[in-house]
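Asker: File follows, final.txt with compact mmCIF, N, CA and C atoms:
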# COMPACT_ATOMS: atom_id res chain seq x y z
N MET A 352 110.56 91.20 111.25
CA MET A 352 110.45 90.25 110.15
C MET A 352 109.64 90.89 109.03
N LEU A 353 110.04 90.60 107.84
CA LEU A 353 109.37 91.09 106.64
C LEU A 353 109.08 89.89 105.76
N VAL A 354 107.85 89.79 105.28
CA VAL A 354 107.51 88.68 104.38
C VAL A 354 107.23 89.25 102.99
N HIS A 355 107.61 88.50 101.99
CA HIS A 355 107.52 88.96 100.61
C HIS A 355 106.93 87.84 99.75
N LEU A 356 105.73 88.06 99.27
CA LEU A 356 105.07 87.12 98.36
C LEU A 356 105.21 87.64 96.95
N MET A 357 105.75 86.83 96.07
CA MET A 357 105.93 87.19 94.67
C MET A 357 105.08 86.27 93.81
N LEU A 358 104.20 86.86 93.02
CA LEU A 358 103.30 86.10 92.16
C LEU A 358 103.55 86.42 90.70
N GLU A 359 103.53 85.39 89.87
CA GLU A 359 103.55 85.54 88.42
C GLU A 359 102.31 84.82 87.91
N LEU A 360 101.47 85.55 87.20
CA LEU A 360 100.29 84.95 86.59
C LEU A 360 100.51 84.92 85.08
N TYR A 361 100.28 83.76 84.51
CA TYR A 361 100.51 83.55 83.08
C TYR A 361 99.17 83.31 82.37
N GLY A 362 99.18 83.50 81.05
CA GLY A 362 98.01 83.22 80.24
C GLY A 362 96.86 84.19 80.48
N CYS A 363 97.18 85.40 80.92
CA CYS A 363 96.14 86.40 81.18
C CYS A 363 95.67 87.03 79.86
N ASP A 364 94.42 87.41 79.82
CA ASP A 364 93.84 88.06 78.65
C ASP A 364 94.49 89.43 78.44
N ARG A 365 94.95 89.67 77.24
CA ARG A 365 95.63 90.93 76.90
C ARG A 365 94.77 92.14 77.25
N GLN A 366 93.47 92.06 76.98
CA GLN A 366 92.59 93.21 77.24
C GLN A 366 92.52 93.53 78.73
N LEU A 367 92.57 92.52 79.58
CA LEU A 367 92.59 92.78 81.02
C LEU A 367 93.86 93.51 81.42
N LEU A 368 94.98 93.09 80.86
CA LEU A 368 96.26 93.69 81.22
C LEU A 368 96.45 95.09 80.65
N GLU A 369 95.70 95.43 79.63
CA GLU A 369 95.74 96.79 79.06
C GLU A 369 94.72 97.71 79.70
N ASN A 370 93.83 97.17 80.49
CA ASN A 370 92.74 97.93 81.09
C ASN A 370 93.24 98.69 82.32
N GLU A 371 93.52 99.98 82.13
CA GLU A 371 94.10 100.79 83.20
C GLU A 371 93.20 100.84 84.43
N SER A 372 91.89 100.95 84.22
CA SER A 372 91.00 101.04 85.39
C SER A 372 90.98 99.72 86.16
N LEU A 373 91.08 98.59 85.49
CA LEU A 373 91.12 97.29 86.17
C LEU A 373 92.42 97.13 86.97
N VAL A 374 93.53 97.49 86.35
CA VAL A 374 94.82 97.37 87.04
C VAL A 374 94.87 98.32 88.24
N ARG A 375 94.35 99.52 88.07
CA ARG A 375 94.27 100.49 89.18
C ARG A 375 93.39 99.93 90.31
N ARG A 376 92.26 99.33 89.93
CA ARG A 376 91.35 98.75 90.92
C ARG A 376 92.03 97.60 91.67
N ALA A 377 92.81 96.80 90.96
CA ALA A 377 93.53 95.70 91.61
C ALA A 377 94.44 96.24 92.70
N LEU A 378 95.22 97.26 92.38
CA LEU A 378 96.12 97.84 93.38
C LEU A 378 95.34 98.53 94.50
N ASP A 379 94.25 99.16 94.16
CA ASP A 379 93.45 99.87 95.15
C ASP A 379 92.81 98.90 96.15
N GLU A 380 92.34 97.76 95.67
CA GLU A 380 91.63 96.81 96.52
C GLU A 380 92.55 95.80 97.21
N TYR A 381 93.75 95.60 96.68
CA TYR A 381 94.62 94.57 97.23
C TYR A 381 94.87 94.71 98.74
N PRO A 382 95.20 95.91 99.24
CA PRO A 382 95.48 96.00 100.68
C PRO A 382 94.34 95.46 101.55
N ALA A 383 93.12 95.84 101.27
CA ALA A 383 91.99 95.37 102.08
C ALA A 383 91.82 93.86 101.94
N ARG A 384 92.08 93.32 100.77
CA ARG A 384 91.92 91.88 100.53
C ARG A 384 92.89 91.03 101.35
N VAL A 385 94.03 91.65 101.74
CA VAL A 385 95.01 90.90 102.53
C VAL A 385 95.16 91.48 103.94
N GLY A 386 94.21 92.30 104.35
CA GLY A 386 94.18 92.82 105.72
C GLY A 386 95.23 93.87 106.02
N MET A 387 95.55 94.69 105.03
CA MET A 387 96.57 95.73 105.20
C MET A 387 95.92 97.12 105.20
N GLU A 388 96.66 98.09 105.72
CA GLU A 388 96.21 99.47 105.78
C GLU A 388 96.87 100.25 104.64
N LYS A 389 96.06 100.73 103.71
CA LYS A 389 96.57 101.52 102.58
C LYS A 389 96.87 102.94 103.07
N VAL A 390 98.06 103.46 102.76
CA VAL A 390 98.44 104.80 103.22
C VAL A 390 98.83 105.74 102.08
N SER A 391 98.60 105.31 100.84
CA SER A 391 98.88 106.19 99.70
C SER A 391 97.86 105.91 98.61
N PRO A 392 97.73 106.84 97.69
CA PRO A 392 96.92 106.52 96.51
C PRO A 392 97.69 105.53 95.63
N VAL A 393 97.00 104.97 94.68
CA VAL A 393 97.65 104.08 93.71
C VAL A 393 98.49 104.94 92.77
N HIS A 394 99.71 104.49 92.55
CA HIS A 394 100.60 105.13 91.57
C HIS A 394 100.70 104.16 90.39
N LEU A 395 100.22 104.59 89.21
CA LEU A 395 100.19 103.70 88.05
C LEU A 395 100.79 104.42 86.86
N TYR A 396 101.63 103.71 86.13
CA TYR A 396 102.35 104.30 85.00
C TYR A 396 102.24 103.42 83.77
N GLN A 397 102.09 104.07 82.61
CA GLN A 397 102.17 103.37 81.33
C GLN A 397 103.65 103.34 80.97
N ILE A 398 104.23 102.17 80.89
CA ILE A 398 105.66 102.02 80.65
C ILE A 398 105.91 101.75 79.17
N GLU A 399 106.79 102.55 78.60
CA GLU A 399 107.27 102.34 77.24
C GLU A 399 108.78 102.22 77.32
N THR A 400 109.32 101.18 76.74
CA THR A 400 110.77 100.98 76.78
C THR A 400 111.31 100.90 75.36
N SER A 401 112.62 100.71 75.24
CA SER A 401 113.21 100.58 73.92
C SER A 401 112.71 99.32 73.21
N ASN A 402 112.22 98.36 73.98
CA ASN A 402 111.65 97.14 73.42
C ASN A 402 110.13 97.23 73.54
N PRO A 403 109.40 97.42 72.42
CA PRO A 403 107.96 97.59 72.50
C PRO A 403 107.22 96.38 73.10
N LEU A 404 107.84 95.22 73.10
CA LEU A 404 107.22 94.04 73.71
C LEU A 404 107.15 94.16 75.23
N ASP A 405 107.99 94.99 75.81
CA ASP A 405 108.04 95.16 77.26
C ASP A 405 107.13 96.28 77.77
N ALA A 406 106.37 96.90 76.89
CA ALA A 406 105.46 97.97 77.30
C ALA A 406 104.33 97.39 78.15
N GLY A 407 103.82 98.21 79.05
CA GLY A 407 102.70 97.75 79.88
C GLY A 407 102.45 98.70 81.02
N LEU A 408 101.65 98.26 81.95
CA LEU A 408 101.30 99.06 83.12
C LEU A 408 102.10 98.58 84.32
N SER A 409 102.65 99.52 85.06
CA SER A 409 103.38 99.21 86.29
C SER A 409 102.92 100.18 87.36
N GLY A 410 102.75 99.67 88.57
CA GLY A 410 102.32 100.55 89.64
C GLY A 410 102.54 99.96 91.00
N PHE A 411 102.19 100.77 92.00
CA PHE A 411 102.34 100.34 93.38
C PHE A 411 101.39 101.13 94.27
N VAL A 412 101.20 100.61 95.45
CA VAL A 412 100.46 101.29 96.51
C VAL A 412 101.25 101.05 97.79
N VAL A 413 101.41 102.12 98.56
CA VAL A 413 102.12 102.00 99.82
C VAL A 413 101.12 101.59 100.90
N ILE A 414 101.50 100.60 101.68
CA ILE A 414 100.68 100.17 102.81
C ILE A 414 101.46 100.50 104.08
N ALA A 415 100.77 100.60 105.20
CA ALA A 415 101.44 100.92 106.46
C ALA A 415 102.56 99.94 106.74
N GLN A 416 102.43 98.74 106.26
CA GLN A 416 103.39 97.69 106.54
C GLN A 416 104.49 97.57 105.49
N SER A 417 104.36 98.18 104.32
CA SER A 417 105.38 98.21 103.26
C SER A 417 104.74 98.60 101.93
N HIS A 418 104.59 97.64 100.99
CA HIS A 418 104.05 98.03 99.68
C HIS A 418 103.51 96.81 98.92
N ILE A 419 102.70 97.12 97.91
CA ILE A 419 102.23 96.13 96.95
C ILE A 419 102.53 96.71 95.57
N SER A 420 103.19 95.93 94.73
CA SER A 420 103.51 96.41 93.38
C SER A 420 103.00 95.42 92.34
N LEU A 421 102.86 95.93 91.12
CA LEU A 421 102.27 95.13 90.04
C LEU A 421 102.88 95.58 88.72
N HIS A 422 103.17 94.63 87.86
CA HIS A 422 103.67 94.90 86.51
C HIS A 422 102.89 94.01 85.54
N ALA A 423 102.23 94.62 84.57
CA ALA A 423 101.41 93.87 83.60
C ALA A 423 102.00 94.02 82.21
N TRP A 424 102.25 92.90 81.56
CA TRP A 424 102.81 92.87 80.21
C TRP A 424 101.80 92.23 79.26
N PRO A 425 101.00 93.03 78.58
CA PRO A 425 99.99 92.48 77.66
C PRO A 425 100.56 91.59 76.57
N GLU A 426 101.72 91.95 76.03
CA GLU A 426 102.32 91.17 74.94
C GLU A 426 102.62 89.73 75.35
N TYR A 427 102.87 89.54 76.63
CA TYR A 427 103.22 88.21 77.13
C TYR A 427 102.06 87.54 77.87
N GLY A 428 100.97 88.29 78.11
CA GLY A 428 99.87 87.74 78.88
C GLY A 428 100.25 87.45 80.31
N GLU A 429 101.14 88.28 80.85
CA GLU A 429 101.70 88.03 82.16
C GLU A 429 101.54 89.24 83.08
N VAL A 430 101.28 88.96 84.33
CA VAL A 430 101.26 90.00 85.36
C VAL A 430 102.05 89.48 86.56
N ASP A 431 102.91 90.34 87.10
CA ASP A 431 103.70 90.02 88.29
C ASP A 431 103.24 90.91 89.43
N ILE A 432 103.04 90.33 90.59
CA ILE A 432 102.56 91.06 91.76
C ILE A 432 103.46 90.73 92.94
N ASP A 433 103.88 91.76 93.67
CA ASP A 433 104.65 91.59 94.90
C ASP A 433 103.86 92.16 96.06
N VAL A 434 103.73 91.38 97.11
CA VAL A 434 103.13 91.86 98.36
C VAL A 434 104.24 91.74 99.40
N CYS A 435 104.71 92.87 99.87
CA CYS A 435 105.80 92.91 100.82
C CYS A 435 105.29 93.55 102.10
N SER A 436 105.43 92.88 103.24
CA SER A 436 104.83 93.38 104.47
C SER A 436 105.56 92.89 105.71
N CYS A 437 105.59 93.76 106.72
CA CYS A 437 106.13 93.33 108.01
C CYS A 437 105.00 92.80 108.89
N LYS A 438 103.81 92.70 108.33
CA LYS A 438 102.66 92.10 109.02
C LYS A 438 102.31 90.81 108.27
N GLU A 439 102.09 89.75 109.00
CA GLU A 439 101.72 88.50 108.35
C GLU A 439 100.37 88.64 107.66
N PHE A 440 100.18 87.89 106.59
CA PHE A 440 98.93 87.92 105.83
C PHE A 440 98.71 86.56 105.20
N SER A 441 97.52 86.35 104.73
CA SER A 441 97.17 85.08 104.10
C SER A 441 97.67 85.04 102.66
N GLN A 442 98.62 84.16 102.41
CA GLN A 442 99.09 83.96 101.04
C GLN A 442 97.95 83.47 100.16
N GLU A 443 97.11 82.62 100.72
CA GLU A 443 95.99 82.07 99.96
C GLU A 443 95.03 83.17 99.51
N ASP A 444 94.74 84.14 100.39
CA ASP A 444 93.86 85.25 100.02
C ASP A 444 94.50 86.11 98.94
N ALA A 445 95.80 86.35 99.05
CA ALA A 445 96.51 87.15 98.06
C ALA A 445 96.49 86.49 96.69
N ILE A 446 96.69 85.18 96.67
CA ILE A 446 96.68 84.43 95.40
C ILE A 446 95.27 84.38 94.83
N ALA A 447 94.29 84.15 95.68
CA ALA A 447 92.89 84.07 95.22
C ALA A 447 92.45 85.38 94.58
N PHE A 448 92.82 86.51 95.17
CA PHE A 448 92.44 87.80 94.60
C PHE A 448 93.11 88.01 93.25
N ALA A 449 94.38 87.66 93.14
CA ALA A 449 95.08 87.80 91.86
C ALA A 449 94.41 86.94 90.78
N ARG A 450 94.09 85.70 91.13
CA ARG A 450 93.42 84.80 90.17
C ARG A 450 92.08 85.37 89.74
N GLU A 451 91.34 85.88 90.72
CA GLU A 451 90.01 86.42 90.44
C GLU A 451 90.06 87.62 89.51
N ILE A 452 90.89 88.59 89.82
CA ILE A 452 90.86 89.85 89.07
C ILE A 452 91.51 89.72 87.70
N PHE A 453 92.52 88.84 87.58
CA PHE A 453 93.18 88.68 86.28
C PHE A 453 92.77 87.40 85.56
N GLN A 454 91.82 86.67 86.11
CA GLN A 454 91.19 85.52 85.48
C GLN A 454 92.20 84.50 84.94
N SER A 455 93.10 84.09 85.83
CA SER A 455 94.09 83.09 85.45
C SER A 455 94.27 82.09 86.58
N ASP A 456 94.39 80.81 86.22
CA ASP A 456 94.69 79.77 87.20
C ASP A 456 96.15 79.33 87.09
N ASP A 457 96.89 79.94 86.15
CA ASP A 457 98.30 79.59 85.95
C ASP A 457 99.14 80.57 86.78
N VAL A 458 99.39 80.18 88.04
CA VAL A 458 100.07 81.07 88.98
C VAL A 458 101.32 80.40 89.53
N GLU A 459 102.40 81.14 89.49
CA GLU A 459 103.65 80.72 90.12
C GLU A 459 103.83 81.63 91.33
N SER A 460 104.16 81.05 92.48
CA SER A 460 104.33 81.88 93.67
C SER A 460 105.63 81.54 94.39
N HIS A 461 106.20 82.58 94.99
CA HIS A 461 107.41 82.45 95.79
C HIS A 461 107.18 83.24 97.06
N PHE A 462 107.65 82.72 98.18
CA PHE A 462 107.45 83.37 99.46
C PHE A 462 108.80 83.42 100.17
N VAL A 463 109.19 84.61 100.59
CA VAL A 463 110.49 84.79 101.23
C VAL A 463 110.29 85.52 102.55
N VAL A 464 110.97 85.07 103.58
CA VAL A 464 111.01 85.78 104.85
C VAL A 464 112.30 86.60 104.85
N ARG A 465 112.13 87.91 105.07
CA ARG A 465 113.27 88.84 105.06
C ARG A 465 113.36 89.55 106.41
N ALA A 466 114.42 90.28 106.61
CA ALA A 466 114.61 91.14 107.78
C ALA A 466 114.40 90.38 109.09
N SER A 467 114.97 89.21 109.17
CA SER A 467 114.78 88.37 110.36
C SER A 467 115.43 88.98 111.60
N ARG A 468 116.31 89.96 111.44
CA ARG A 468 116.95 90.61 112.59
C ARG A 468 116.37 91.99 112.88
N SER A 469 115.28 92.34 112.22
CA SER A 469 114.67 93.65 112.41
C SER A 469 114.25 93.86 113.87
N LEU A 470 114.39 95.08 114.35
CA LEU A 470 114.00 95.43 115.71
C LEU A 470 112.51 95.76 115.80
N ARG A 471 111.85 95.88 114.67
CA ARG A 471 110.43 96.23 114.66
C ARG A 471 109.62 95.04 115.13
N SER A 472 108.80 95.26 116.15
CA SER A 472 107.96 94.16 116.63
C SER A 472 106.52 94.40 116.19
N GLU A 473 105.76 93.33 116.11
CA GLU A 473 104.36 93.45 115.71
C GLU A 473 103.54 94.20 116.76
N THR A 474 103.91 94.04 118.03
CA THR A 474 103.24 94.75 119.11
C THR A 474 104.28 95.67 119.77
N PRO A 475 104.16 96.99 119.53
CA PRO A 475 105.18 97.90 120.07
C PRO A 475 105.13 97.98 121.59
N GLU A 476 106.30 98.23 122.19
CA GLU A 476 106.33 98.40 123.64
C GLU A 476 105.64 99.73 123.97
N PRO A 477 104.80 99.75 124.99
CA PRO A 477 103.95 100.91 125.29
C PRO A 477 104.70 102.24 125.45
N ALA A 478 105.81 102.26 126.16
CA ALA A 478 106.53 103.52 126.38
C ALA A 478 107.06 104.08 125.07
N ARG A 479 107.60 103.22 124.26
CA ARG A 479 108.14 103.66 122.96
C ARG A 479 107.00 104.16 122.06
N TYR A 480 105.88 103.47 122.09
CA TYR A 480 104.70 103.84 121.30
C TYR A 480 104.20 105.22 121.73
N GLU A 481 104.06 105.44 123.02
CA GLU A 481 103.57 106.73 123.54
C GLU A 481 104.53 107.86 123.17
N ALA A 482 105.82 107.61 123.26
CA ALA A 482 106.81 108.63 122.89
C ALA A 482 106.70 108.99 121.41
N ALA A 483 106.49 107.99 120.58
CA ALA A 483 106.34 108.25 119.14
C ALA A 483 105.07 109.04 118.85
N LEU A 484 103.98 108.72 119.55
CA LEU A 484 102.74 109.48 119.38
C LEU A 484 102.93 110.94 119.79
N ALA A 485 103.61 111.18 120.92
CA ALA A 485 103.86 112.54 121.38
C ALA A 485 104.73 113.31 120.39
N ALA A 486 105.74 112.66 119.83
CA ALA A 486 106.61 113.31 118.86
C ALA A 486 105.83 113.65 117.59
N ARG A 487 104.95 112.77 117.17
CA ARG A 487 104.12 113.04 115.99
C ARG A 487 103.21 114.25 116.25
N ALA A 488 102.59 114.28 117.41
CA ALA A 488 101.70 115.40 117.76
C ALA A 488 102.47 116.72 117.79
N ALA A 489 103.69 116.70 118.29
CA ALA A 489 104.50 117.91 118.32
C ALA A 489 104.86 118.38 116.92
N ARG A 490 105.18 117.45 116.03
CA ARG A 490 105.48 117.81 114.63
C ARG A 490 104.27 118.42 113.96
N MET A 491 103.11 117.84 114.21
CA MET A 491 101.86 118.31 113.58
C MET A 491 101.51 119.71 114.10
N ALA A 492 101.79 119.99 115.35
CA ALA A 492 101.47 121.28 115.94
C ALA A 492 102.32 122.39 115.32
N VAL A 493 103.52 122.06 114.89
CA VAL A 493 104.42 123.04 114.28
C VAL A 493 103.96 123.39 112.88
N ARG A 494 103.33 122.49 112.21
CA ARG A 494 102.91 122.71 110.81
C ARG A 494 101.78 123.63 110.77
Write the structure described by the file as structure tokens, please.
Answerer:
Amino acid sequence: MLVHLMLELYGCDRQLLENESLVRRALDEYPARVGMEKVSPVHLYQIETSNPLDAGLSGFVVIAQSHISLHAWPEYGEVDIDVCSCKEFSQEDAIAFAREIFQSDDVESHFVVRASRSLRSETPEPARYEAALAARAARMAVR
């Protein structure tokens, strides 16, 4: 099973949405705030498109369970955040952190359950887990 929380925050201060260090910090801290394991650095990009109103910061961080992405549009005072994970998490904590860091109480949220037929279980079967650990160790030894 995969769960996907989609947040849209409206009425955000333009200066917050243009603040690269704040947006980077949001992505950097989000995994811990929702009990996830971060497995990549934050990837953040200044986006310029053919429409200057759509310019802004977009980024993501890979978590062991999937990813967290963010798109900030200063011209619209809007930030969109997706938390996608095969591990359950507190929607309330995810929303509270978004409200706190972007200082907005105008939040729209959508929650979708995906991959309902996935073979991935939250608790792996021991034999399969041990085999995967051994295969990883063998790959690492070759490097």
Asker: Listing only residues of stretch 436-481 of chain A within 8 Å of stretch 373-381 of chain A, what is the closest atom pair and its distance in Å (to one decimal) for each, using all atoms listed in the file, sorted by chain and residue number ascending, as a Markdown table?
Answerer:
| residue | atom | partner | partner_atom | distance |
| --- | --- | --- | --- | --- |
| A:Ala445 | CA | A:Tyr381 | CA | 7.7 |
| A:Phe448 | CA | A:Tyr381 | CA | 7.6 |
| A:Ile452 | CA | A:Ala377 | CA | 6.9 |
Asker: Counting only N, CA and C atoms, what is within 7 Å of A:Gln397, bar same-chain residues fewer than 2 positions away, as a PyMOL selection string?
Answerer: chain A and resi 395+399+406-409
Asker: Using DSSP assignments from the backbone, pull out every residue in chain A that falls under strand (DSSP E or B) and give it to me as an mmCIF file with N, CA and C atoms, in the coordinates of the input.
Answerer:
data_model
loop_
_atom_site.group_PDB
_atom_site.id
_atom_site.type_symbol
_atom_site.label_atom_id
_atom_site.label_comp_id
_atom_site.auth_asym_id
_atom_site.auth_seq_id
_atom_site.Cartn_x
_atom_site.Cartn_y
_atom_site.Cartn_z
ATOM 1 N N LEU A 353 110.040 90.600 107.840
ATOM 2 C CA LEU A 353 109.370 91.090 106.640
ATOM 3 C C LEU A 353 109.080 89.890 105.760
ATOM 4 N N VAL A 354 107.850 89.790 105.280
ATOM 5 C CA VAL A 354 107.510 88.680 104.380
ATOM 6 C C VAL A 354 107.230 89.250 102.990
ATOM 7 N N HIS A 355 107.610 88.500 101.990
ATOM 8 C CA HIS A 355 107.520 88.960 100.610
ATOM 9 C C HIS A 355 106.930 87.840 99.750
ATOM 10 N N LEU A 356 105.730 88.060 99.270
ATOM 11 C CA LEU A 356 105.070 87.120 98.360
ATOM 12 C C LEU A 356 105.210 87.640 96.950
ATOM 13 N N MET A 357 105.750 86.830 96.070
ATOM 14 C CA MET A 357 105.930 87.190 94.670
ATOM 15 C C MET A 357 105.080 86.270 93.810
ATOM 16 N N LEU A 358 104.200 86.860 93.020
ATOM 17 C CA LEU A 358 103.300 86.100 92.160
ATOM 18 C C LEU A 358 103.550 86.420 90.700
ATOM 19 N N GLU A 359 103.530 85.390 89.870
ATOM 20 C CA GLU A 359 103.550 85.540 88.420
ATOM 21 C C GLU A 359 102.310 84.820 87.910
ATOM 22 N N LEU A 360 101.470 85.550 87.200
ATOM 23 C CA LEU A 360 100.290 84.950 86.590
ATOM 24 C C LEU A 360 100.510 84.920 85.080
ATOM 25 N N TYR A 361 100.280 83.760 84.510
ATOM 26 C CA TYR A 361 100.510 83.550 83.080
ATOM 27 C C TYR A 361 99.170 83.310 82.370
ATOM 28 N N LYS A 389 96.060 100.730 103.710
ATOM 29 C CA LYS A 389 96.570 101.520 102.580
ATOM 30 C C LYS A 389 96.870 102.940 103.070
ATOM 31 N N HIS A 394 99.710 104.490 92.550
ATOM 32 C CA HIS A 394 100.600 105.130 91.570
ATOM 33 C C HIS A 394 100.700 104.160 90.390
ATOM 34 N N LEU A 395 100.220 104.590 89.210
ATOM 35 C CA LEU A 395 100.190 103.700 88.050
ATOM 36 C C LEU A 395 100.790 104.420 86.860
ATOM 37 N N TYR A 396 101.630 103.710 86.130
ATOM 38 C CA TYR A 396 102.350 104.300 85.000
ATOM 39 C C TYR A 396 102.240 103.420 83.770
ATOM 40 N N GLN A 397 102.090 104.070 82.610
ATOM 41 C CA GLN A 397 102.170 103.370 81.330
ATOM 42 C C GLN A 397 103.650 103.340 80.970
ATOM 43 N N ILE A 398 104.230 102.170 80.890
ATOM 44 C CA ILE A 398 105.660 102.020 80.650
ATOM 45 C C ILE A 398 105.910 101.750 79.170
ATOM 46 N N GLY A 407 103.820 98.210 79.050
ATOM 47 C CA GLY A 407 102.700 97.750 79.880
ATOM 48 C C GLY A 407 102.450 98.700 81.020
ATOM 49 N N LEU A 408 101.650 98.260 81.950
ATOM 50 C CA LEU A 408 101.300 99.060 83.120
ATOM 51 C C LEU A 408 102.100 98.580 84.320
ATOM 52 N N SER A 409 102.650 99.520 85.060
ATOM 53 C CA SER A 409 103.380 99.210 86.290
ATOM 54 C C SER A 409 102.920 100.180 87.360
ATOM 55 N N GLY A 410 102.750 99.670 88.570
ATOM 56 C CA GLY A 410 102.320 100.550 89.640
ATOM 57 C C GLY A 410 102.540 99.960 91.000
ATOM 58 N N PHE A 411 102.190 100.770 92.000
ATOM 59 C CA PHE A 411 102.340 100.340 93.380
ATOM 60 C C PHE A 411 101.390 101.130 94.270
ATOM 61 N N VAL A 412 101.200 100.610 95.450
ATOM 62 C CA VAL A 412 100.460 101.290 96.510
ATOM 63 C C VAL A 412 101.250 101.050 97.790
ATOM 64 N N VAL A 413 101.410 102.120 98.560
ATOM 65 C CA VAL A 413 102.120 102.000 99.820
ATOM 66 C C VAL A 413 101.120 101.590 100.900
ATOM 67 N N ILE A 414 101.500 100.600 101.680
ATOM 68 C CA ILE A 414 100.680 100.170 102.810
ATOM 69 C C ILE A 414 101.460 100.500 104.080
ATOM 70 N N SER A 417 104.360 98.180 104.320
ATOM 71 C CA SER A 417 105.380 98.210 103.260
ATOM 72 C C SER A 417 104.740 98.600 101.930
ATOM 73 N N HIS A 418 104.590 97.640 100.990
ATOM 74 C CA HIS A 418 104.050 98.030 99.680
ATOM 75 C C HIS A 418 103.510 96.810 98.920
ATOM 76 N N ILE A 419 102.700 97.120 97.910
ATOM 77 C CA ILE A 419 102.230 96.130 96.950
ATOM 78 C C ILE A 419 102.530 96.710 95.570
ATOM 79 N N SER A 420 103.190 95.930 94.730
ATOM 80 C CA SER A 420 103.510 96.410 93.380
ATOM 81 C C SER A 420 103.000 95.420 92.340
ATOM 82 N N LEU A 421 102.860 95.930 91.120
ATOM 83 C CA LEU A 421 102.270 95.130 90.040
ATOM 84 C C LEU A 421 102.880 95.580 88.720
ATOM 85 N N HIS A 422 103.170 94.630 87.860
ATOM 86 C CA HIS A 422 103.670 94.900 86.510
ATOM 87 C C HIS A 422 102.890 94.010 85.540
ATOM 88 N N ALA A 423 102.230 94.620 84.570
ATOM 89 C CA ALA A 423 101.410 93.870 83.600
ATOM 90 C C ALA A 423 102.000 94.020 82.210
ATOM 91 N N TRP A 424 102.250 92.900 81.560
ATOM 92 C CA TRP A 424 102.810 92.870 80.210
ATOM 93 C C TRP A 424 101.800 92.230 79.260
ATOM 94 N N GLU A 429 101.140 88.280 80.850
ATOM 95 C CA GLU A 429 101.700 88.030 82.160
ATOM 96 C C GLU A 429 101.540 89.240 83.080
ATOM 97 N N VAL A 430 101.280 88.960 84.330
ATOM 98 C CA VAL A 430 101.260 90.000 85.360
ATOM 99 C C VAL A 430 102.050 89.480 86.560
ATOM 100 N N ASP A 431 102.910 90.340 87.100
ATOM 101 C CA ASP A 431 103.700 90.020 88.290
ATOM 102 C C ASP A 431 103.240 90.910 89.430
ATOM 103 N N ILE A 432 103.040 90.330 90.590
ATOM 104 C CA ILE A 432 102.560 91.060 91.760
ATOM 105 C C ILE A 432 103.460 90.730 92.940
ATOM 106 N N ASP A 433 103.880 91.760 93.670
ATOM 107 C CA ASP A 433 104.650 91.590 94.900
ATOM 108 C C ASP A 433 103.860 92.160 96.060
ATOM 109 N N VAL A 434 103.730 91.380 97.110
ATOM 110 C CA VAL A 434 103.130 91.860 98.360
ATOM 111 C C VAL A 434 104.240 91.740 99.400
ATOM 112 N N CYS A 435 104.710 92.870 99.870
ATOM 113 C CA CYS A 435 105.800 92.910 100.820
ATOM 114 C C CYS A 435 105.290 93.550 102.100
ATOM 115 N N SER A 436 105.430 92.880 103.240
ATOM 116 C CA SER A 436 104.830 93.380 104.470
ATOM 117 C C SER A 436 105.560 92.890 105.710
ATOM 118 N N ASP A 457 96.890 79.940 86.150
ATOM 119 C CA ASP A 457 98.300 79.590 85.950
ATOM 120 C C ASP A 457 99.140 80.570 86.780
ATOM 121 N N VAL A 458 99.390 80.180 88.040
ATOM 122 C CA VAL A 458 100.070 81.070 88.980
ATOM 123 C C VAL A 458 101.320 80.400 89.530
ATOM 124 N N GLU A 459 102.400 81.140 89.490
ATOM 125 C CA GLU A 459 103.650 80.720 90.120
ATOM 126 C C GLU A 459 103.830 81.630 91.330
ATOM 127 N N SER A 460 104.160 81.050 92.480
ATOM 128 C CA SER A 460 104.330 81.880 93.670
ATOM 129 C C SER A 460 105.630 81.540 94.390
ATOM 130 N N HIS A 461 106.200 82.580 94.990
ATOM 131 C CA HIS A 461 107.410 82.450 95.790
ATOM 132 C C HIS A 461 107.180 83.240 97.060
ATOM 133 N N PHE A 462 107.650 82.720 98.180
ATOM 134 C CA PHE A 462 107.450 83.370 99.460
ATOM 135 C C PHE A 462 108.800 83.420 100.170
ATOM 136 N N VAL A 463 109.190 84.610 100.590
ATOM 137 C CA VAL A 463 110.490 84.790 101.230
ATOM 138 C C VAL A 463 110.290 85.520 102.550
ATOM 139 N N VAL A 464 110.970 85.070 103.580
ATOM 140 C CA VAL A 464 111.010 85.780 104.850
ATOM 141 C C VAL A 464 112.300 86.600 104.850
ATOM 142 N N ARG A 465 112.130 87.910 105.070
ATOM 143 C CA ARG A 465 113.270 88.840 105.060
ATOM 144 C C ARG A 465 113.360 89.550 106.410
#
Asker: Between A:Val464, A:Ala489, A:Ser455, A:Tyr480, which has the minimum distance to A:Leu353 (counting only C-alpha atoms)?
Answerer: A:Val464
Asker: Quick one: pull the distance between atom N of A:Glu476 and atom N of A:Ile419, Å, one decimal.
Answerer: 24.6 Å
Asker: Have a look at atom C of A:His422 and atom N of A:Gln366 and let me know their distance in Å, one decimal.
Answerer: 12.9 Å
